[in-house]
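Remarks on the structure that follows.
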Amino acid sequence: MLKVQNLKKYFGGVKAVDDCDFEVQEKTITALIGPNGSGKTTVFNLISGILKPEKGKIIFDGYDITNKSPEYIANLNGLGISRLFQQSRLFGNLSVMENLLLVLDNEDEKFWKNLSGHNKITKEKEAKAKVMLEMVDIEKFSNKLARDLSFGQKRLVELARTILNSHKLLMLDEPVGGVNPKLRQEIAKILLKLKEEGETILLIEHDMNFTLNIADRVIVMDEGKVIAEGKPAQIKTNPKVLEAYLGE
Amino acid sequence: MFSAYLIHLLILIGIYLILAIAMQLAVGFTGLLNLGHIAFYCVGAYVSALLALAGVPFWICIILAGIGAMFFGFLLAIPTNKIKGDYLALATLGFSFVVYAVALNWTSLTRGPLGLPGIPKPSLFGFVFSDNLSFLILTLIIGAVSYFIINRITKSPFGRVLEAIRDDELAARVMGKNSFRMKSYALGISAFFAGIAGSLYAHYITFIDPSSFTLMQLIPVVAIVIIGGLASLKGTIIATIVLTLLPEPLRFIGFPSSIIGPARQILYALFLLLILIYKPRGFYGKFDLE
């Protein structure tokens, strides 16, 4: 599904990502972990087209998406990559429902169709958004402005929006970062359910329990490089991983 | 006498309203702090005036005024695509200085500071809008159509994408929205209506020169947009009425005309300052000015 080959990204003299190689298999949850500053979010930014790599290739679903724009990657053949950011990036002055409807409407950029009133907010689109809001248990906030939500509620709306956005691959950057334990369990359940439905998920997470419980494969990064890869049980005892995390 | 004065004020309100709601589309709804708006107004006025003086019918003049200004709107969207906030404001302000300089110095076309006199009053299907009352009706009809179109854009899913880009452009792009195309549309449509307003102004006053399109003329429009409230068309209408009428009492105090002009600007600035302090969202703004 996704192949990252010899990826390099430098910020001045800092090697944020240095010869990074890994693959994400279809219908799995793959976790990208590593200490702070190990280059995980930079890898996400490179895959989603926000940053351009110095070197290397990114192949997604058989297409070379290296150096492509974020909108191209999101729309690739109508089913691209849908990404959740580490920090809240909801559209604060739109309602929760409007935030969701944005990803359900692929005709909203057509000027004449919208001006002539031929692109309407259909009941089906609203119903689809409502189902998703029910799934993450925030349907009662549907008409609230996104900026007025609490941190946890924002995270759930953002997760709902990311899942609703048409995609072949979900990339989630710290989906449970700063979220309370009860909500973490809820999010873990949602992600496992999505996997059962055949979704492919690549996630970054610092919560090791959360990650090791839901991931099929774990990729560990340190100083921009992949230092270990394998199943959660193998990663737990890998000496390189322990050294990177604990300095032992 | 009084009714002629009132009609004159209503015509100015109508022209300013078109100009202000057009600016609201770019600034309030799309987050593009475009200070080049007055340049689109200028392009519209000159295109319409030059064509009318060449004998082209009014309805063609006004449409081409909009299209001419829209062309520059799309053109401006290209170099300003990757800049935002203060930098965008400065770049677009630079564009308005360029257009002003062209209007002033391309004397073979614009007659420079001498201006273009004798711009004919509009005529449609043989009817000449020679008196101010008929011109007011024409302005109100065009104003209502402009409001209807911009309101429809902002209430449609298309407008929702513009607002998403205003709130977080990168997130919108990562969701698959083409921000460059959408911002170009916003600037283009905004410029189109500014051009229409420029055409109405030229045919109403029947004389234009570059001094009608300076930064001083931009201040009231920016003030209207902010005082009315960002992303609010209703607020823009109220602010247009309030700010057009606000300096009028100065006329009756008996100040010399050399003082009335600067006093008007001071009044706008003062009112804007008070609104920003006590009502940061303006009359009906959706969010604070940041």
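Residues are named by chain letter and number: chains run A, B, ... in the order of the structure tokens, numbers start at 1 in each chain, and ligands are numbered from 1 in the order shown.
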Leu7 of chain A environment, 10 Å, only C-alpha atoms, sequence neighbours closer than 6 positions dropped, as a PDB file with C-alpha atoms, in the first residue's frame:
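What ended up in out-v4.pdb:
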```pdb
ATOM      1  CA  VAL A  17      14.798  12.150   8.279  1.00  0.00           C
ATOM      2  CA  ASP A  18      17.836  10.229   7.147  1.00  0.00           C
ATOM      3  CA  ASP A  19      17.577   7.287   4.733  1.00  0.00           C
ATOM      4  CA  CYS A  20      14.244   6.204   6.070  1.00  0.00           C
ATOM      5  CA  ASP A  21      12.791   2.988   4.613  1.00  0.00           C
ATOM      6  CA  PHE A  22       9.592   1.196   5.512  1.00  0.00           C
ATOM      7  CA  VAL A  43       7.855  11.581   7.734  1.00  0.00           C
ATOM      8  CA  LEU A  46       6.669  14.230   3.627  1.00  0.00           C
ATOM      9  CA  ILE A  47       4.107  11.526   2.821  1.00  0.00           C
ATOM     10  CA  PRO A  53      12.154  15.478   0.517  1.00  0.00           C
ATOM     11  CA  GLU A  54      15.812  16.066  -0.367  1.00  0.00           C
ATOM     12  CA  LYS A  55      16.031  12.509  -1.633  1.00  0.00           C
ATOM     13  CA  GLY A  56      14.073   9.292  -1.744  1.00  0.00           C
ATOM     14  CA  LYS A  57      10.763   8.028  -3.036  1.00  0.00           C
ATOM     15  CA  ILE A  58       7.256   7.592  -1.675  1.00  0.00           C
ATOM     16  CA  THR A  66       7.069  12.120  -4.073  1.00  0.00           C
ATOM     17  CA  GLY A 224      15.618  10.190  11.496  1.00  0.00           C
ATOM     18  CA  LYS A 225      16.356   6.527  10.847  1.00  0.00           C
TER      19      LYS A 225
END
```
> Quick one: residues within 10 Å of Lys195 of chain A, only C-alpha atoms counted, chain neighbours fewer than 4 positions away excluded, as a list in words?
Replying inline: Glu26, Lys27, Thr28, Ile29, Lys189, Ile190, Leu191, Glu199, Thr200, Ile201 and Ile214 of chain A
Atoms to include: N, CA and C atoms. Write the selected residues as an mmCIF file, in the first residue's frame.
```
data_model
loop_
_atom_site.group_PDB
_atom_site.id
_atom_site.type_symbol
_atom_site.label_atom_id
_atom_site.label_comp_id
_atom_site.auth_asym_id
_atom_site.auth_seq_id
_atom_site.Cartn_x
_atom_site.Cartn_y
_atom_site.Cartn_z
ATOM 1 N N GLU A 26 -1.443 -3.494 3.430
ATOM 2 C CA GLU A 26 -2.880 -3.249 3.379
ATOM 3 C C GLU A 26 -3.610 -3.918 4.550
ATOM 4 N N LYS A 27 -4.672 -3.318 4.996
ATOM 5 C CA LYS A 27 -5.566 -3.840 6.030
ATOM 6 C C LYS A 27 -4.855 -4.157 7.348
ATOM 7 N N THR A 28 -3.896 -3.302 7.677
ATOM 8 C CA THR A 28 -3.190 -3.464 8.955
ATOM 9 C C THR A 28 -3.135 -2.127 9.676
ATOM 10 N N ILE A 29 -2.830 -2.210 10.965
ATOM 11 C CA ILE A 29 -2.503 -0.983 11.694
ATOM 12 C C ILE A 29 -0.993 -1.000 11.918
ATOM 13 N N LYS A 189 -10.986 1.331 20.328
ATOM 14 C CA LYS A 189 -12.082 0.476 19.818
ATOM 15 C C LYS A 189 -12.453 0.879 18.392
ATOM 16 N N ILE A 190 -12.537 2.200 18.173
ATOM 17 C CA ILE A 190 -12.913 2.695 16.835
ATOM 18 C C ILE A 190 -11.866 2.245 15.804
ATOM 19 N N LEU A 191 -10.602 2.382 16.162
ATOM 20 C CA LEU A 191 -9.540 2.028 15.207
ATOM 21 C C LEU A 191 -9.537 0.523 14.909
ATOM 22 N N GLU A 199 -9.783 -1.339 6.749
ATOM 23 C CA GLU A 199 -9.025 -0.087 6.606
ATOM 24 C C GLU A 199 -7.523 -0.327 6.828
ATOM 25 N N THR A 200 -6.717 0.525 6.217
ATOM 26 C CA THR A 200 -5.275 0.511 6.461
ATOM 27 C C THR A 200 -4.930 1.774 7.239
ATOM 28 N N ILE A 201 -4.234 1.601 8.342
ATOM 29 C CA ILE A 201 -3.954 2.753 9.217
ATOM 30 C C ILE A 201 -2.458 2.826 9.539
ATOM 31 N N ILE A 214 -2.905 -2.168 19.857
ATOM 32 C CA ILE A 214 -3.723 -2.168 18.635
ATOM 33 C C ILE A 214 -2.920 -2.403 17.346
#
```
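One finds atom CA of Glu71 of chain A at 25.6 Å from atom CA of Glu197 of chain A.
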>> Taking only C-alpha atoms into account and nothing else, which residues of chain A lie no more than 6 Å away from chain B? Please answer as a PyMOL selection string.
In response: chain A and resi 70-71+74-75+91+108-109+115
Could you save the residues just selected, with C-alpha atoms, as a CSV table (one decimal), in the first residue's frame?
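This is the output file selection.csv:
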```csv
chain,number,residue,atom,x,y,z
A,70,PRO,CA,-1.2,17.7,-0.5
A,71,GLU,CA,-4.4,18.1,-2.5
A,74,ALA,CA,-5.5,13.5,-0.8
A,75,ASN,CA,-7.5,13.1,-4.0
A,91,PHE,CA,-12.1,24.9,11.0
A,108,ASP,CA,-18.1,22.0,-3.5
A,109,GLU,CA,-15.2,23.6,-5.5
A,115,LEU,CA,-24.0,29.3,-7.8
```
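Using only C-alpha atoms, the smallest distance between any of B:Val56, B:Ile266, B:Leu32, B:Ile38 and Phe180 of chain B comes from B:Leu32.
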>> Taking the DSSP secondary structure from the backbone, can you list the residues of segment 82-234 of chain B that are strand (DSSP E or B), as a PyMOL selection string?
In response: chain B and resi 116+123-124+127-128+208
Next, write the just-selected residues to a file, as a PDB file, in the first residue's frame, keeping N, CA and C atoms as the atom set.
```
ATOM      1  N   LEU B 116     -10.675  61.779 -17.181  1.00  0.00           N
ATOM      2  CA  LEU B 116     -11.574  61.561 -18.323  1.00  0.00           C
ATOM      3  C   LEU B 116     -12.907  62.259 -18.044  1.00  0.00           C
ATOM      4  N   SER B 123     -27.308  54.303 -20.468  1.00  0.00           N
ATOM      5  CA  SER B 123     -28.597  54.162 -21.164  1.00  0.00           C
ATOM      6  C   SER B 123     -28.811  52.681 -21.477  1.00  0.00           C
ATOM      7  N   LEU B 124     -30.036  52.239 -21.278  1.00  0.00           N
ATOM      8  CA  LEU B 124     -30.385  50.835 -21.528  1.00  0.00           C
ATOM      9  C   LEU B 124     -31.653  50.789 -22.362  1.00  0.00           C
ATOM     10  N   PHE B 127     -33.430  53.962 -22.973  1.00  0.00           N
ATOM     11  CA  PHE B 127     -33.748  54.812 -21.823  1.00  0.00           C
ATOM     12  C   PHE B 127     -32.454  55.335 -21.205  1.00  0.00           C
ATOM     13  N   VAL B 128     -32.356  56.651 -21.104  1.00  0.00           N
ATOM     14  CA  VAL B 128     -31.147  57.265 -20.537  1.00  0.00           C
ATOM     15  C   VAL B 128     -31.381  57.563 -19.055  1.00  0.00           C
ATOM     16  N   ILE B 208     -13.627  60.914 -14.147  1.00  0.00           N
ATOM     17  CA  ILE B 208     -12.721  60.182 -13.233  1.00  0.00           C
ATOM     18  C   ILE B 208     -11.293  60.649 -13.481  1.00  0.00           C
TER      19      ILE B 208
END
```
>> One decimal, in Å: what's the spacing between atom CA of Lys123 of chain A and atom CA of Leu102 of chain A?
In response: 14.2 Å
>> List as a PyMOL selection string the protein and nucleic acid residues near Lys234 of chain B, meaning an atom at most 9 Å away when only C-alpha atoms are counted, but skip any in the same chain fewer than 6 places from it.
In response: chain B and resi 228+283-284
Can you write just those residues out, N, CA and C atoms, as a short mmCIF file (atom, residue, chain, number, x, y, z; two decimals), in the first residue's frame?
```
data_model
loop_
_atom_site.label_atom_id
_atom_site.label_comp_id
_atom_site.auth_asym_id
_atom_site.auth_seq_id
_atom_site.Cartn_x
_atom_site.Cartn_y
_atom_site.Cartn_z
N GLY B 228 -18.64 46.41 9.99
CA GLY B 228 -19.80 45.54 9.72
C GLY B 228 -19.60 44.17 10.34
N PHE B 283 -20.27 44.85 13.96
CA PHE B 283 -21.71 44.72 14.22
C PHE B 283 -22.15 43.26 14.29
N TYR B 284 -21.81 42.50 13.27
CA TYR B 284 -22.29 41.11 13.20
C TYR B 284 -21.20 40.13 12.81
#
```
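Atom CA of Ala39 of chain B sits 16.8 Å away from atom CA of Val225 of chain B.
Residues lying within 7 Å of Ala194 of chain B, counting only C-alpha atoms and ignoring same-chain neighbours fewer than 3 positions away, are Ile18, Leu19, Ala22, Phe40, Tyr41, Ser190, Ala191, Ala197 and Gly198 of chain B.
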Could you write out that same residue set with N, CA and C atoms as a PDB file, in the first residue's frame?
```pdb
ATOM      1  N   ILE B  18     -21.736  47.708  -2.996  1.00  0.00           N
ATOM      2  CA  ILE B  18     -21.215  46.705  -3.941  1.00  0.00           C
ATOM      3  C   ILE B  18     -19.713  46.511  -3.702  1.00  0.00           C
ATOM      4  N   LEU B  19     -19.028  47.638  -3.543  1.00  0.00           N
ATOM      5  CA  LEU B  19     -17.578  47.587  -3.323  1.00  0.00           C
ATOM      6  C   LEU B  19     -17.249  46.846  -2.017  1.00  0.00           C
ATOM      7  N   ALA B  22     -18.115  43.025  -2.007  1.00  0.00           N
ATOM      8  CA  ALA B  22     -17.117  42.345  -2.828  1.00  0.00           C
ATOM      9  C   ALA B  22     -15.840  42.146  -2.010  1.00  0.00           C
ATOM     10  N   PHE B  40      -9.014  47.380  -8.321  1.00  0.00           N
ATOM     11  CA  PHE B  40     -10.046  46.733  -9.153  1.00  0.00           C
ATOM     12  C   PHE B  40     -11.168  47.734  -9.470  1.00  0.00           C
ATOM     13  N   TYR B  41     -11.484  48.530  -8.471  1.00  0.00           N
ATOM     14  CA  TYR B  41     -12.492  49.601  -8.616  1.00  0.00           C
ATOM     15  C   TYR B  41     -12.024  50.576  -9.697  1.00  0.00           C
ATOM     16  N   SER B 190     -14.466  38.839  -6.356  1.00  0.00           N
ATOM     17  CA  SER B 190     -14.407  40.080  -5.591  1.00  0.00           C
ATOM     18  C   SER B 190     -14.035  41.245  -6.519  1.00  0.00           C
ATOM     19  N   ALA B 191     -13.035  41.012  -7.377  1.00  0.00           N
ATOM     20  CA  ALA B 191     -12.591  42.052  -8.312  1.00  0.00           C
ATOM     21  C   ALA B 191     -13.698  42.375  -9.319  1.00  0.00           C
ATOM     22  N   ALA B 197     -18.760  48.213  -9.503  1.00  0.00           N
ATOM     23  CA  ALA B 197     -18.937  49.429  -8.686  1.00  0.00           C
ATOM     24  C   ALA B 197     -18.187  50.596  -9.324  1.00  0.00           C
ATOM     25  N   GLY B 198     -16.975  50.317  -9.815  1.00  0.00           N
ATOM     26  CA  GLY B 198     -16.167  51.351 -10.470  1.00  0.00           C
ATOM     27  C   GLY B 198     -16.883  51.912 -11.687  1.00  0.00           C
TER      28      GLY B 198
END
```
Select from segment 1-222 of chain A everything DSSP, run on the backbone, classes as helix (DSSP H, G or I), then give the selection as a tab-separated table (two decimals) with N, CA and C atoms, in the first residue's frame.
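Final output, result22.tsv:
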```tsv
chain	number	residue	atom	x	y	z
A	40	LYS	N	9.28	11.42	13.21
A	40	LYS	CA	8.01	10.77	12.83
A	40	LYS	C	7.06	11.72	12.12
A	41	THR	N	6.84	12.89	12.73
A	41	THR	CA	5.89	13.84	12.12
A	41	THR	C	6.45	14.37	10.80
A	42	THR	N	7.78	14.50	10.72
A	42	THR	CA	8.38	14.95	9.45
A	42	THR	C	8.09	13.92	8.35
A	43	VAL	N	8.18	12.63	8.71
A	43	VAL	CA	7.85	11.58	7.73
A	43	VAL	C	6.40	11.74	7.29
A	44	PHE	N	5.50	11.99	8.24
A	44	PHE	CA	4.07	12.20	7.90
A	44	PHE	C	3.92	13.40	6.96
A	45	ASN	N	4.65	14.47	7.29
A	45	ASN	CA	4.56	15.67	6.44
A	45	ASN	C	5.10	15.42	5.04
A	46	LEU	N	6.12	14.56	4.95
A	46	LEU	CA	6.67	14.23	3.63
A	46	LEU	C	5.68	13.37	2.84
A	47	ILE	N	5.06	12.41	3.52
A	47	ILE	CA	4.11	11.53	2.82
A	47	ILE	C	2.88	12.32	2.36
A	70	PRO	N	-0.25	18.40	-1.45
A	70	PRO	CA	-1.16	17.74	-0.50
A	70	PRO	C	-2.53	17.40	-1.10
A	71	GLU	N	-3.07	18.32	-1.93
A	71	GLU	CA	-4.41	18.06	-2.49
A	71	GLU	C	-4.37	16.92	-3.51
A	72	TYR	N	-3.25	16.78	-4.22
A	72	TYR	CA	-3.12	15.68	-5.18
A	72	TYR	C	-3.10	14.35	-4.42
A	73	ILE	N	-2.33	14.34	-3.35
A	73	ILE	CA	-2.19	13.09	-2.57
A	73	ILE	C	-3.52	12.73	-1.90
A	74	ALA	N	-4.22	13.74	-1.42
A	74	ALA	CA	-5.52	13.49	-0.76
A	74	ALA	C	-6.56	12.98	-1.76
A	75	ASN	N	-6.44	13.41	-3.00
A	75	ASN	CA	-7.47	13.07	-4.00
A	75	ASN	C	-7.05	11.98	-4.97
A	76	LEU	N	-5.91	11.36	-4.77
A	76	LEU	CA	-5.37	10.40	-5.75
A	76	LEU	C	-6.42	9.35	-6.13
A	77	ASN	N	-6.84	9.41	-7.38
A	77	ASN	CA	-7.88	8.51	-7.90
A	77	ASN	C	-9.15	8.51	-7.05
A	78	GLY	N	-9.42	9.62	-6.44
A	78	GLY	CA	-10.64	9.74	-5.61
A	78	GLY	C	-10.48	9.10	-4.24
A	96	VAL	N	-19.54	21.89	13.78
A	96	VAL	CA	-19.04	20.52	13.73
A	96	VAL	C	-19.57	19.83	12.46
A	97	MET	N	-20.86	20.02	12.20
A	97	MET	CA	-21.48	19.40	11.02
A	97	MET	C	-20.82	19.91	9.73
A	98	GLU	N	-20.58	21.21	9.68
A	98	GLU	CA	-19.95	21.78	8.47
A	98	GLU	C	-18.54	21.24	8.27
A	99	ASN	N	-17.82	21.03	9.38
A	99	ASN	CA	-16.48	20.45	9.28
A	99	ASN	C	-16.53	19.08	8.63
A	100	LEU	N	-17.57	18.33	8.96
A	100	LEU	CA	-17.70	16.98	8.40
A	100	LEU	C	-18.22	17.00	6.97
A	101	LEU	N	-19.17	17.91	6.71
A	101	LEU	CA	-19.74	17.98	5.36
A	101	LEU	C	-18.68	18.35	4.32
A	102	LEU	N	-17.68	19.11	4.78
A	102	LEU	CA	-16.61	19.52	3.85
A	102	LEU	C	-15.93	18.32	3.19
A	103	VAL	N	-15.74	17.26	3.94
A	103	VAL	CA	-15.04	16.10	3.36
A	103	VAL	C	-15.99	15.19	2.59
A	104	LEU	N	-17.30	15.40	2.76
A	104	LEU	CA	-18.27	14.54	2.06
A	104	LEU	C	-18.67	15.10	0.71
A	111	PHE	N	-17.65	26.16	-9.08
A	111	PHE	CA	-18.30	27.47	-8.89
A	111	PHE	C	-19.70	27.54	-9.48
A	112	TRP	N	-19.84	27.22	-10.75
A	112	TRP	CA	-21.14	27.40	-11.42
A	112	TRP	C	-22.19	26.45	-10.86
A	113	LYS	N	-21.75	25.24	-10.53
A	113	LYS	CA	-22.69	24.26	-9.98
A	113	LYS	C	-23.25	24.74	-8.63
A	114	ASN	N	-22.40	25.38	-7.85
A	114	ASN	CA	-22.82	25.88	-6.55
A	114	ASN	C	-23.65	27.16	-6.69
A	115	LEU	N	-23.23	28.02	-7.63
A	115	LEU	CA	-23.96	29.28	-7.83
A	115	LEU	C	-25.37	29.02	-8.35
A	123	LYS	N	-29.61	15.21	2.19
A	123	LYS	CA	-29.94	14.53	3.46
A	123	LYS	C	-29.01	13.33	3.66
A	124	GLU	N	-28.62	12.69	2.52
A	124	GLU	CA	-27.74	11.51	2.64
A	124	GLU	C	-26.39	11.90	3.24
A	125	LYS	N	-25.88	13.06	2.76
A	125	LYS	CA	-24.58	13.51	3.28
A	125	LYS	C	-24.69	13.82	4.77
A	126	GLU	N	-25.77	14.50	5.14
A	126	GLU	CA	-25.96	14.84	6.55
A	126	GLU	C	-26.12	13.59	7.40
A	127	ALA	N	-26.86	12.61	6.86
A	127	ALA	CA	-27.09	11.37	7.60
A	127	ALA	C	-25.76	10.63	7.81
A	128	LYS	N	-24.93	10.64	6.78
A	128	LYS	CA	-23.62	9.98	6.86
A	128	LYS	C	-22.76	10.64	7.95
A	129	ALA	N	-22.81	11.98	7.96
A	129	ALA	CA	-22.04	12.72	8.97
A	129	ALA	C	-22.58	12.43	10.36
A	130	LYS	N	-23.91	12.33	10.48
A	130	LYS	CA	-24.53	12.06	11.79
A	130	LYS	C	-24.11	10.69	12.32
A	131	VAL	N	-24.10	9.70	11.41
A	131	VAL	CA	-23.70	8.34	11.81
A	131	VAL	C	-22.28	8.38	12.39
A	132	MET	N	-21.41	9.13	11.71
A	132	MET	CA	-20.02	9.21	12.18
A	132	MET	C	-19.94	9.92	13.53
A	133	LEU	N	-20.75	10.99	13.68
A	133	LEU	CA	-20.75	11.71	14.96
A	133	LEU	C	-21.27	10.81	16.09
A	134	GLU	N	-22.24	9.97	15.75
A	134	GLU	CA	-22.76	9.03	16.75
A	134	GLU	C	-21.69	8.01	17.13
A	135	MET	N	-20.94	7.60	16.10
A	135	MET	CA	-19.89	6.59	16.35
A	135	MET	C	-18.86	7.11	17.36
A	139	GLU	N	-22.62	13.54	18.71
A	139	GLU	CA	-23.68	14.03	17.82
A	139	GLU	C	-24.42	15.25	18.40
A	140	LYS	N	-24.40	15.36	19.75
A	140	LYS	CA	-25.13	16.49	20.35
A	140	LYS	C	-24.44	17.84	20.09
A	141	PHE	N	-23.17	17.79	19.67
A	141	PHE	CA	-22.45	19.04	19.40
A	141	PHE	C	-22.48	19.43	17.92
A	146	ALA	N	-16.85	24.71	16.00
A	146	ALA	CA	-15.73	23.83	16.38
A	146	ALA	C	-14.81	24.49	17.40
A	147	ARG	N	-14.67	25.83	17.31
A	147	ARG	CA	-13.74	26.51	18.23
A	147	ARG	C	-14.24	26.48	19.68
A	148	ASP	N	-15.55	26.22	19.87
A	148	ASP	CA	-16.11	26.21	21.22
A	148	ASP	C	-16.04	24.84	21.91
A	151	PHE	N	-10.88	20.21	24.29
A	151	PHE	CA	-9.78	19.55	23.58
A	151	PHE	C	-10.17	18.13	23.12
A	152	GLY	N	-10.75	17.37	24.05
A	152	GLY	CA	-11.11	15.98	23.73
A	152	GLY	C	-12.18	15.91	22.65
A	153	GLN	N	-13.16	16.81	22.75
A	153	GLN	CA	-14.23	16.83	21.73
A	153	GLN	C	-13.67	17.19	20.36
A	154	LYS	N	-12.73	18.16	20.36
A	154	LYS	CA	-12.10	18.55	19.09
A	154	LYS	C	-11.39	17.36	18.46
A	155	ARG	N	-10.71	16.59	19.33
A	155	ARG	CA	-9.94	15.43	18.84
A	155	ARG	C	-10.90	14.43	18.17
A	156	LEU	N	-12.06	14.23	18.81
A	156	LEU	CA	-13.02	13.27	18.27
A	156	LEU	C	-13.62	13.76	16.95
A	157	VAL	N	-13.92	15.05	16.89
A	157	VAL	CA	-14.48	15.60	15.64
A	157	VAL	C	-13.44	15.45	14.53
A	158	GLU	N	-12.20	15.74	14.88
A	158	GLU	CA	-11.14	15.66	13.88
A	158	GLU	C	-10.95	14.22	13.40
A	159	LEU	N	-11.04	13.30	14.35
A	159	LEU	CA	-10.92	11.88	14.00
A	159	LEU	C	-12.07	11.48	13.08
A	160	ALA	N	-13.28	11.94	13.43
A	160	ALA	CA	-14.46	11.64	12.60
A	160	ALA	C	-14.28	12.20	11.20
A	161	ARG	N	-13.78	13.43	11.12
A	161	ARG	CA	-13.58	14.08	9.81
A	161	ARG	C	-12.53	13.33	8.99
A	162	THR	N	-11.47	12.89	9.66
A	162	THR	CA	-10.39	12.18	8.95
A	162	THR	C	-10.90	10.85	8.41
A	163	ILE	N	-11.71	10.16	9.22
A	163	ILE	CA	-12.24	8.86	8.78
A	163	ILE	C	-13.23	9.05	7.62
A	164	LEU	N	-14.05	10.11	7.71
A	164	LEU	CA	-15.06	10.35	6.67
A	164	LEU	C	-14.45	10.75	5.33
A	181	PRO	N	-8.03	8.71	29.71
A	181	PRO	CA	-7.95	7.26	29.52
A	181	PRO	C	-9.23	6.63	28.95
A	182	LYS	N	-10.40	7.14	29.37
A	182	LYS	CA	-11.66	6.56	28.89
A	182	LYS	C	-11.80	6.79	27.37
A	183	LEU	N	-11.46	8.01	26.97
A	183	LEU	CA	-11.55	8.37	25.57
A	183	LEU	C	-10.52	7.58	24.74
A	184	ARG	N	-9.36	7.31	25.36
A	184	ARG	CA	-8.33	6.52	24.67
A	184	ARG	C	-8.88	5.15	24.30
A	185	GLN	N	-9.58	4.56	25.28
A	185	GLN	CA	-10.16	3.23	25.03
A	185	GLN	C	-11.18	3.29	23.90
A	186	GLU	N	-11.96	4.36	23.92
A	186	GLU	CA	-12.98	4.53	22.86
A	186	GLU	C	-12.31	4.61	21.50
A	187	ILE	N	-11.25	5.43	21.44
A	187	ILE	CA	-10.57	5.61	20.15
A	187	ILE	C	-9.92	4.30	19.70
A	188	ALA	N	-9.35	3.56	20.67
A	188	ALA	CA	-8.74	2.26	20.33
A	188	ALA	C	-9.79	1.33	19.72
A	189	LYS	N	-10.99	1.33	20.33
A	189	LYS	CA	-12.08	0.48	19.82
A	189	LYS	C	-12.45	0.88	18.39
A	190	ILE	N	-12.54	2.20	18.17
A	190	ILE	CA	-12.91	2.69	16.83
A	190	ILE	C	-11.87	2.25	15.80
A	191	LEU	N	-10.60	2.38	16.16
A	191	LEU	CA	-9.54	2.03	15.21
A	191	LEU	C	-9.54	0.52	14.91
A	192	LEU	N	-9.77	-0.29	15.95
A	192	LEU	CA	-9.81	-1.74	15.73
A	192	LEU	C	-11.01	-2.12	14.86
A	193	LYS	N	-12.12	-1.42	15.07
A	193	LYS	CA	-13.31	-1.67	14.25
A	193	LYS	C	-13.02	-1.32	12.79
A	194	LEU	N	-12.33	-0.21	12.60
A	194	LEU	CA	-11.99	0.20	11.23
A	194	LEU	C	-11.10	-0.85	10.56
A	195	LYS	N	-10.17	-1.39	11.33
A	195	LYS	CA	-9.28	-2.42	10.78
A	195	LYS	C	-10.08	-3.66	10.37
A	196	GLU	N	-11.02	-4.02	11.22
A	196	GLU	CA	-11.89	-5.17	10.89
A	196	GLU	C	-12.65	-4.94	9.59
A	208	MET	N	2.66	3.93	24.71
A	208	MET	CA	3.13	2.60	24.29
A	208	MET	C	2.08	1.52	24.50
A	209	ASN	N	1.35	1.61	25.61
A	209	ASN	CA	0.31	0.59	25.84
A	209	ASN	C	-0.72	0.61	24.73
A	210	PHE	N	-1.17	1.82	24.42
A	210	PHE	CA	-2.17	2.00	23.37
A	210	PHE	C	-1.64	1.43	22.05
A	211	THR	N	-0.41	1.81	21.71
A	211	THR	CA	0.19	1.42	20.43
A	211	THR	C	0.36	-0.10	20.35
A	212	LEU	N	0.97	-0.64	21.37
A	212	LEU	CA	1.30	-2.07	21.31
A	212	LEU	C	0.04	-2.94	21.36
A	213	ASN	N	-1.03	-2.40	21.92
A	213	ASN	CA	-2.29	-3.17	21.98
A	213	ASN	C	-3.03	-3.22	20.66
A	214	ILE	N	-2.90	-2.17	19.86
A	214	ILE	CA	-3.72	-2.17	18.64
A	214	ILE	C	-2.92	-2.40	17.35
```
>> Would you pick out the contacts of segment 67-69 of chain A at 8 Å or less, using only C-alpha atoms, so that residues sharing its chain but fewer than 6 positions from it are not included, and give the list as a ChimeraX atom specification?
In response: /A:48-53
> With only C-alpha atoms as the basis for distance, which of A:Asn36, A:Thr237, A:Ser150, A:Asn143 is at the shortest distance from Ser88 of chain A?
Replying inline: A:Ser150
>> Give me, as number ranges by chain, all polymer residues having an atom no more than 8 Å from Ala16 of chain A, counting only C-alpha atoms and skipping those fewer than 6 positions away in the same chain.
In response: A: 8-10, 37-39, 42, 223-224
